[in-house]
Amino acid sequence: MLWPFNHFWKPRIAPRGTIEAIYGMIVTQAREPLFYRDLTVPDTVNGRFDLLVLHLWMVLRRLRLLPGGQASCQALFDRFCDDMDGNLREMGVGDLTVPKRMQAFGEAFYGRSAAYDLALGEGVEPLAQALNKNIFNGGHDENARRLAIHVEAAIAALAALDDATIESASWRFPLPAQPSASP
């Protein structure tokens with residue numbers, strides 16, 4: 001007889017349209033030309049994947065803080081997985097290979113997330129080192145440092161937003177700072 005009251009105990013999940021909008025913002029940000037032109041992120045499938053994972057990680061950190069945020073995080077992560085699966089199939093990856101590639105994507109996501117979480121608590125230099133390793137494959141210390149500063153600014157901007165703004169997907173990522181012109 002209690003079944004009509006089950007809705008009181010269900011976790012709150014952002015509506016599907018909101019998850020789509022948030023994921024669309026993440027994809028749009030990961031495609032921002034400034035990352036590839038000014039920060040020299042490799043404009044490759046791997047480089048774009050790494051930026052997508054980086055921005056997804058930032059948003060998931062903020063979504064976790066919402067009431068019912070775990071369910072919204074799962075919905076957003078599921079959307080990411082659906083997108084990766086669709087992209088693999090569009091690129092002609094066979095049905096037997098897709099699960100292995102999806103497992104590799106999951107491992108990459110969780111490995112990078114753990115590295116970024118650990119580095120973020122240590123400051124800009126450790127974060128820059130993690131970004132240099134995971135996105136630039138080493139050797140781009142200055143650009144990795146600039147990207148780390150951008151990540152810290154984006155995380156601060158997301159943290160400053162109220163829950164309703166996050167839940168309604170009515171926000172934007174800041175753009176990475178452009179290098180100053182030398183005199």
# chains A, B, ... in the order shown; residues from 1 in each chain; ligands from 1
>>> residues_around(residues="Leu88 of chain A", least_positions_apart="4", cutoff="9 Å", atoms="only C-alpha atoms", output="ChimeraX atom specification")
/A:83-84,92-94,98,101-102
>>> write_last_selection(atoms="N, CA, C and O atoms", output="CSV table (one decimal), in the first residue's frame")
chain,number,residue,atom,x,y,z
A,83,ASP,N,27.5,8.5,-26.3
A,83,ASP,CA,28.2,9.3,-27.4
A,83,ASP,C,29.5,8.6,-27.9
A,83,ASP,O,29.7,8.5,-29.1
A,84,MET,N,30.3,8.1,-26.9
A,84,MET,CA,31.5,7.4,-27.3
A,84,MET,C,31.1,6.1,-28.1
A,84,MET,O,31.8,5.8,-29.1
A,92,GLY,N,33.2,3.1,-37.8
A,92,GLY,CA,33.4,1.8,-38.4
A,92,GLY,C,34.0,0.7,-37.6
A,92,GLY,O,34.3,-0.3,-38.1
A,93,VAL,N,34.1,1.0,-36.3
A,93,VAL,CA,34.6,0.0,-35.3
A,93,VAL,C,33.5,-1.1,-35.3
A,93,VAL,O,32.3,-0.9,-35.1
A,94,GLY,N,34.0,-2.4,-35.4
A,94,GLY,CA,33.1,-3.5,-35.4
A,94,GLY,C,32.5,-3.8,-34.0
A,94,GLY,O,33.0,-3.4,-33.0
A,98,VAL,N,33.9,-2.9,-30.1
A,98,VAL,CA,33.3,-1.7,-29.4
A,98,VAL,C,33.4,-1.9,-27.8
A,98,VAL,O,33.8,-1.0,-27.1
A,101,ARG,N,36.9,-1.2,-26.6
A,101,ARG,CA,37.2,0.2,-26.7
A,101,ARG,C,36.5,1.0,-25.7
A,101,ARG,O,37.0,2.0,-25.1
A,102,MET,N,35.2,0.7,-25.4
A,102,MET,CA,34.5,1.3,-24.4
A,102,MET,C,35.1,1.1,-23.0
A,102,MET,O,35.2,2.0,-22.2
>>> closest_atom_pairs(of="segment 6-88 of chain A", to="segment 116-140 of chain A", cutoff="7 Å", atoms="only C-alpha atoms", output="CSV")
residue,atom,partner,partner_atom,distance
A:Val41,CA,A:Phe136,CA,6.2
A:Gly47,CA,A:Ile135,CA,6.3
A:Asp50,CA,A:Ile135,CA,5.8
>>> residues_around(residues="Ala153 of chain A", least_positions_apart="2", cutoff="10 Å", atoms="only C-alpha atoms", output="list in words")
Leu147, Ala148, Ile149, His150, Val151, Ile155, Ala156, Ala157, Leu158, Ala159, Phe173, Pro174, Leu175, Pro176 and Ala177 of chain A
>>> write_last_selection(atoms="N, CA and C atoms", output="CSV table (one decimal), in the first residue's frame")
chain,number,residue,atom,x,y,z
A,147,LEU,N,46.7,25.8,-19.2
A,147,LEU,CA,45.4,25.0,-19.2
A,147,LEU,C,45.0,24.8,-17.8
A,148,ALA,N,46.0,24.5,-16.9
A,148,ALA,CA,45.7,24.3,-15.5
A,148,ALA,C,45.0,25.5,-14.8
A,149,ILE,N,45.5,26.7,-15.2
A,149,ILE,CA,44.9,28.0,-14.7
A,149,ILE,C,43.5,28.1,-15.2
A,150,HIS,N,43.3,27.7,-16.5
A,150,HIS,CA,41.9,27.7,-17.0
A,150,HIS,C,41.0,26.8,-16.3
A,151,VAL,N,41.5,25.6,-16.0
A,151,VAL,CA,40.7,24.6,-15.3
A,151,VAL,C,40.3,25.1,-13.9
A,155,ILE,N,36.5,25.7,-12.7
A,155,ILE,CA,36.0,25.0,-11.5
A,155,ILE,C,35.4,26.1,-10.6
A,156,ALA,N,36.2,27.2,-10.4
A,156,ALA,CA,35.7,28.3,-9.6
A,156,ALA,C,34.4,28.9,-10.1
A,157,ALA,N,34.3,29.1,-11.4
A,157,ALA,CA,33.1,29.6,-12.0
A,157,ALA,C,31.9,28.7,-11.8
A,158,LEU,N,32.1,27.4,-12.0
A,158,LEU,CA,31.1,26.4,-11.7
A,158,LEU,C,30.7,26.4,-10.3
A,159,ALA,N,31.6,26.5,-9.4
A,159,ALA,CA,31.3,26.5,-7.9
A,159,ALA,C,30.5,27.7,-7.5
A,173,PHE,N,30.8,27.7,-19.9
A,173,PHE,CA,32.2,27.6,-19.5
A,173,PHE,C,32.9,28.9,-19.8
A,174,PRO,N,33.8,29.3,-19.0
A,174,PRO,CA,34.7,30.5,-19.4
A,174,PRO,C,35.6,30.0,-20.5
A,175,LEU,N,36.1,30.9,-21.3
A,175,LEU,CA,37.1,30.6,-22.4
A,175,LEU,C,38.4,30.6,-21.8
A,176,PRO,N,39.4,29.8,-22.3
A,176,PRO,CA,40.8,29.9,-21.8
A,176,PRO,C,41.3,31.3,-22.2
A,177,ALA,N,42.2,31.8,-21.3
A,177,ALA,CA,42.8,33.1,-21.5
A,177,ALA,C,43.7,33.0,-22.7
>>> select_by_dssp(residues="segment 22-53 of chain A", states="helix (DSSP H, G or I)", output="list of chain:residue names")
A:Ile22, A:Tyr23, A:Gly24, A:Met25, A:Ile26, A:Val27, A:Thr28, A:Gln29, A:Ala30, A:Pro33, A:Leu34, A:Phe35, A:Tyr36, A:Arg37, A:Val45, A:Asn46, A:Gly47, A:Arg48, A:Phe49, A:Asp50, A:Leu51, A:Leu52, A:Val53
>>> closest_residue(among="A:Leu63, A:Leu161, A:Ala104, A:Ile166", to="Asp85 of chain A", atoms="only C-alpha atoms")
A:Ala104
>>> atom_distance(atom1="atom CA of Gly69 of chain A", atom2="atom CA of Ser113 of chain A")
17.2 Å
>>> closest_residue(among="A:Gly24, A:Gly68, A:Pro33, A:Gly106", to="Asp163 of chain A", atoms="only C-alpha atoms")
A:Gly68
>>> atom_distance(atom1="atom CA of Ala75 of chain A", atom2="atom CA of Glu167 of chain A")
12.7 Å
>>> closest_residue(among="A:Gln70, A:Thr97, A:Ser170, A:Thr44", to="Ile22 of chain A", atoms="only C-alpha atoms")
A:Ser170
>>> residues_around(residues="Gln178 of chain A", least_positions_apart="6", cutoff="10 Å", atoms="only C-alpha atoms", output="list in words")
Leu34, Phe35, Asp38, Leu39 and Arg146 of chain A
>>> closest_residue(among="A:Gly17, A:Glu107, A:Leu60, A:Val45", to="Leu76 of chain A", atoms="only C-alpha atoms")
A:Leu60
>>> closest_residue(among="A:Ile26, A:Met58, A:Leu65, A:Gly86", to="Glu152 of chain A", atoms="only C-alpha atoms")
A:Met58
>>> atom_distance(atom1="atom CA of Tyr36 of chain A", atom2="atom CA of Arg48 of chain A")
9.1 Å
